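> Structure file coords-v2.cif (mmCIF, C-alpha atoms) is given on the next line.
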data_upload
loop_
_atom_site.label_atom_id
_atom_site.label_comp_id
_atom_site.auth_asym_id
_atom_site.auth_seq_id
_atom_site.Cartn_x
_atom_site.Cartn_y
_atom_site.Cartn_z
CA MET L 1 31.34 -117.46 158.52
CA PHE L 2 32.98 -114.86 156.27
CA ASP L 3 31.27 -112.39 153.98
CA ALA L 4 32.77 -113.23 150.58
CA ALA L 5 32.68 -109.57 149.53
CA ARG L 6 35.04 -108.74 152.42
CA LEU L 7 37.68 -111.40 151.71
CA VAL L 8 40.96 -110.16 150.25
CA PHE L 9 43.64 -112.72 149.32
CA ILE L 10 47.21 -111.55 148.86
CA ASP L 11 49.18 -113.63 146.39
CA GLU L 12 52.48 -113.31 144.61
CA THR L 13 54.26 -114.93 141.73
CA SER L 14 57.59 -114.36 140.06
CA ALA L 15 59.29 -114.94 136.75
CA ASN L 16 62.94 -115.18 135.96
CA THR L 17 64.38 -114.12 132.61
CA LYS L 18 66.85 -116.99 132.71
CA MET L 19 64.03 -119.51 132.47
CA MET L 20 65.10 -121.89 129.76
CA ARG L 21 64.95 -125.53 129.00
CA LEU L 22 67.66 -127.52 130.69
CA HIS L 23 67.19 -130.55 128.43
CA GLY L 24 66.95 -130.97 124.68
CA ARG L 25 67.46 -133.42 121.84
CA CYS L 26 70.36 -133.86 119.52
CA VAL L 27 72.17 -136.58 117.63
CA ARG L 28 73.50 -139.27 119.98
CA GLY L 29 77.08 -138.62 120.97
CA GLU L 30 76.98 -134.91 120.15
CA ARG L 31 76.70 -132.09 122.64
CA LEU L 32 73.59 -129.90 122.54
CA VAL L 33 74.50 -126.20 122.49
CA ASP L 34 71.95 -123.39 122.57
CA HIS L 35 71.72 -119.78 123.70
CA VAL L 36 69.25 -117.72 125.69
CA PRO L 37 68.08 -114.66 123.77
CA GLN L 38 68.01 -111.52 125.90
CA GLY L 39 69.00 -113.41 129.04
CA HIS L 40 69.19 -110.59 131.57
CA TRP L 41 69.19 -113.01 134.49
CA LYS L 42 66.73 -110.94 136.48
CA THR L 43 63.74 -111.83 138.66
CA ILE L 44 60.47 -109.92 138.48
CA THR L 45 57.82 -110.41 141.18
CA PHE L 46 54.11 -109.64 140.78
CA VAL L 47 51.94 -109.25 143.90
CA ALA L 48 48.23 -108.40 144.03
CA ALA L 49 45.12 -108.46 146.19
CA LEU L 50 42.42 -110.78 144.88
CA ARG L 51 38.81 -110.02 145.69
CA ARG L 52 35.60 -111.71 144.64
CA HIS L 53 35.06 -109.29 141.78
CA GLY L 54 38.59 -108.86 140.53
CA MET L 55 42.15 -107.95 141.25
CA ARG L 56 43.14 -104.85 143.21
CA ALA L 57 46.38 -103.28 144.44
CA SER L 58 48.68 -104.94 141.92
CA GLN L 59 52.37 -104.16 141.82
CA THR L 60 55.47 -105.48 140.09
CA ILE L 61 58.73 -105.56 141.98
CA ASP L 62 62.20 -105.78 140.50
CA GLY L 63 63.88 -108.72 142.22
CA SER L 64 62.55 -111.33 144.59
CA MET L 65 60.09 -110.56 147.39
CA THR L 66 61.61 -109.78 150.78
CA GLY L 67 59.99 -108.87 154.06
CA LYS L 68 60.93 -105.21 153.61
CA LYS L 69 59.47 -105.07 150.10
CA PHE L 70 56.31 -106.84 151.23
CA LEU L 71 55.80 -104.38 154.07
CA ALA L 72 56.24 -101.48 151.64
CA TYR L 73 53.63 -103.08 149.33
CA VAL L 74 51.18 -103.40 152.23
CA GLU L 75 51.67 -99.81 153.38
CA ARG L 76 51.78 -98.04 149.99
CA CYS L 77 49.63 -100.17 147.70
CA LEU L 78 47.30 -102.45 149.68
CA ALA L 79 46.27 -100.38 152.72
CA PRO L 80 44.69 -97.52 150.72
CA THR L 81 42.37 -100.00 148.94
CA LEU L 82 41.07 -101.66 152.10
CA LYS L 83 37.69 -100.90 153.64
CA ARG L 84 36.47 -101.26 157.20
CA LYS L 85 36.02 -104.92 158.24
CA ASP L 86 37.90 -106.36 155.26
CA ILE L 87 39.45 -109.76 155.96
CA VAL L 88 42.96 -110.07 154.55
CA MET L 89 44.43 -113.53 153.98
CA ILE L 90 48.21 -113.63 153.52
CA ASP L 91 50.01 -116.89 152.76
CA THR L 92 53.55 -115.52 152.45
CA VAL L 93 54.07 -114.88 156.16
CA VAL L 94 56.17 -117.99 156.83
CA ARG L 95 58.55 -117.40 153.94
CA LEU L 96 59.05 -113.68 154.51
CA GLY L 97 59.31 -113.77 158.28
CA ARG L 98 56.55 -113.13 160.77
CA ASN L 99 57.79 -109.69 161.80
CA ALA L 100 57.93 -108.26 158.27
CA ALA L 101 54.51 -109.50 157.20
CA SER L 102 52.84 -109.07 160.54
CA PRO L 103 49.10 -108.49 160.48
CA TYR L 104 49.84 -105.49 162.68
CA SER L 105 51.36 -103.76 159.66
CA LEU L 106 47.81 -103.47 158.30
CA PRO L 107 45.79 -100.51 159.56
CA ALA L 108 43.80 -101.65 162.61
CA ALA L 109 40.79 -99.54 161.68
CA THR L 110 40.37 -101.08 158.24
CA THR L 111 40.89 -104.80 158.80
CA THR L 112 39.69 -107.71 160.87
CA ARG L 113 42.38 -109.91 162.35
CA VAL L 114 41.82 -113.64 162.03
CA PRO L 115 43.84 -116.22 164.01
CA THR L 116 46.66 -117.76 161.99
CA VAL L 117 45.79 -121.10 160.43
CA THR L 118 48.64 -123.56 160.69
CA ARG L 119 49.29 -126.14 158.02
CA LEU L 120 48.88 -129.77 159.00
#
Output the file's structure in the form of structure tokens.


Amino acid sequence: MFDAARLVFIDETSANTKMMRLHGRCVRGERLVDHVPQGHWKTITFVAALRRHGMRASQTIDGSMTGKKFLAYVERCLAPTLKRKDIVMIDTVVRLGRNAASPYSLPAATTTRVPTVTRL
């Protein structure tokens, strides 16, 4: 159905510098007190295009992913790496809003549009 060399999966992940354990052990009846070294309380998001032979168009974003930031990633980072008839699969459309992550934001000449698959 699809040529595996043409598939491009867009995926994102994020990390938060305030990630710390919420539970710990101490002597019964005493309060557990700890600190977070270098707790900047910031979120860093990493987004990339995954192809059969590796990762392309990677970018880190300060803060959480928004529709505006995702559209900027598509236009500035992803679109220049695409070739004619590439098939781009994006799973973040629902969370970011359909207008921001619209398949129409991808260059029409370089991609193939596939009907949206709904989750059951």

> How far is it from CA of Thr66 in chain L to CA of Phe9 in chain L, in Å with one decimal?

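The value is 18.3 Å.
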
> Go ahead and compute the interatomic distance for CA of Thr43 in chain L and CA of Ala57 in chain L, in Å to one decimal.

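Between these atoms lies a distance of 20.2 Å.
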
> Enter the distance from CA of Leu78 in chain L to CA of Trp41 in chain L, in Å, rounded to one decimal.

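Rounded to one decimal, the two atoms are 28.7 Å apart.
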
> Please, what is the axis-aligned box for every listed atom of range 64-81 of chain L with 8 Å on each side, as centre and edge lengths in Å to one decimal, as lines of an AutoDock Vina configuration file?


center_x = 52.5
center_y = -104.4
center_z = 149.3
size_x = 36.2
size_y = 29.8
size_z = 25.5

> Identify the residues within 10 Å of coordinate (51.0, -106.0, 138.2) (same frame as the file), considering all atoms listed in the file, and give the answer as an MDAnalysis selection string.

chainID L and resid 12 45:48 55:61

> From the options L:Ser64, L:Arg52, L:Lys69, L:Lys83, which residue's atoms come nearest to Leu7 in chain L, counting only C-alpha atoms?

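Under the stated criterion, the closest residue is L:Arg52.
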
> Please determine the residues with any atom at most 7 Å from (51.3, -114.4, 149.5) (coordinates as given in the file, with only C-alpha atoms counting) and report them as a PyMOL selection string.

chain L and resi 10-12+90-92

> Could you state which residues are captured by the PyMOL selection byres ((chain L and resi 88) around 6) in this file, as a compact mmCIF listing (two decimals) with C-alpha atoms, keeping the file's coordinate frame?


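Listed below is the output, out-v7.txt:
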# COMPACT_ATOMS: atom_id res chain seq x y z
CA VAL L 8 40.96 -110.16 150.25
CA PHE L 9 43.64 -112.72 149.32
CA ILE L 87 39.45 -109.76 155.96
CA MET L 89 44.43 -113.53 153.98

> Nearest to Cys77 in chain L: which of L:Gly24, L:Asp34, L:Ala49, L:Ile44 is it, counting only C-alpha atoms?

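Looking at the shortest contact to Cys77 in chain L, the residue is L:Ala49.
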
> So that I can see what lies close to Arg21 in chain L, please list as a list of chain:residue names the residues with an atom at most 12 Å from it, counting all atoms listed in the file and leaving out residues fewer than 6 positions away in the same chain.

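Near Arg21 in chain L, the qualifying residues are L:Leu32, L:Val33, L:Asp34, L:His35, L:Val36.
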
> So, with only C-alpha atoms as the atoms that count, which of L:Lys85, L:Lys42, L:Arg76, L:Arg28 lies closest to Ala5 in chain L?

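For Ala5 in chain L, the nearest of the given residues is L:Lys85.
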
> Between L:Met65, L:Leu50, L:Leu71, L:Ala79, which one has atoms that come closest to Ala15 in chain L, using all atoms listed in the file?

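Using all atoms listed in the file, the shortest distance to Ala15 in chain L belongs to L:Met65.
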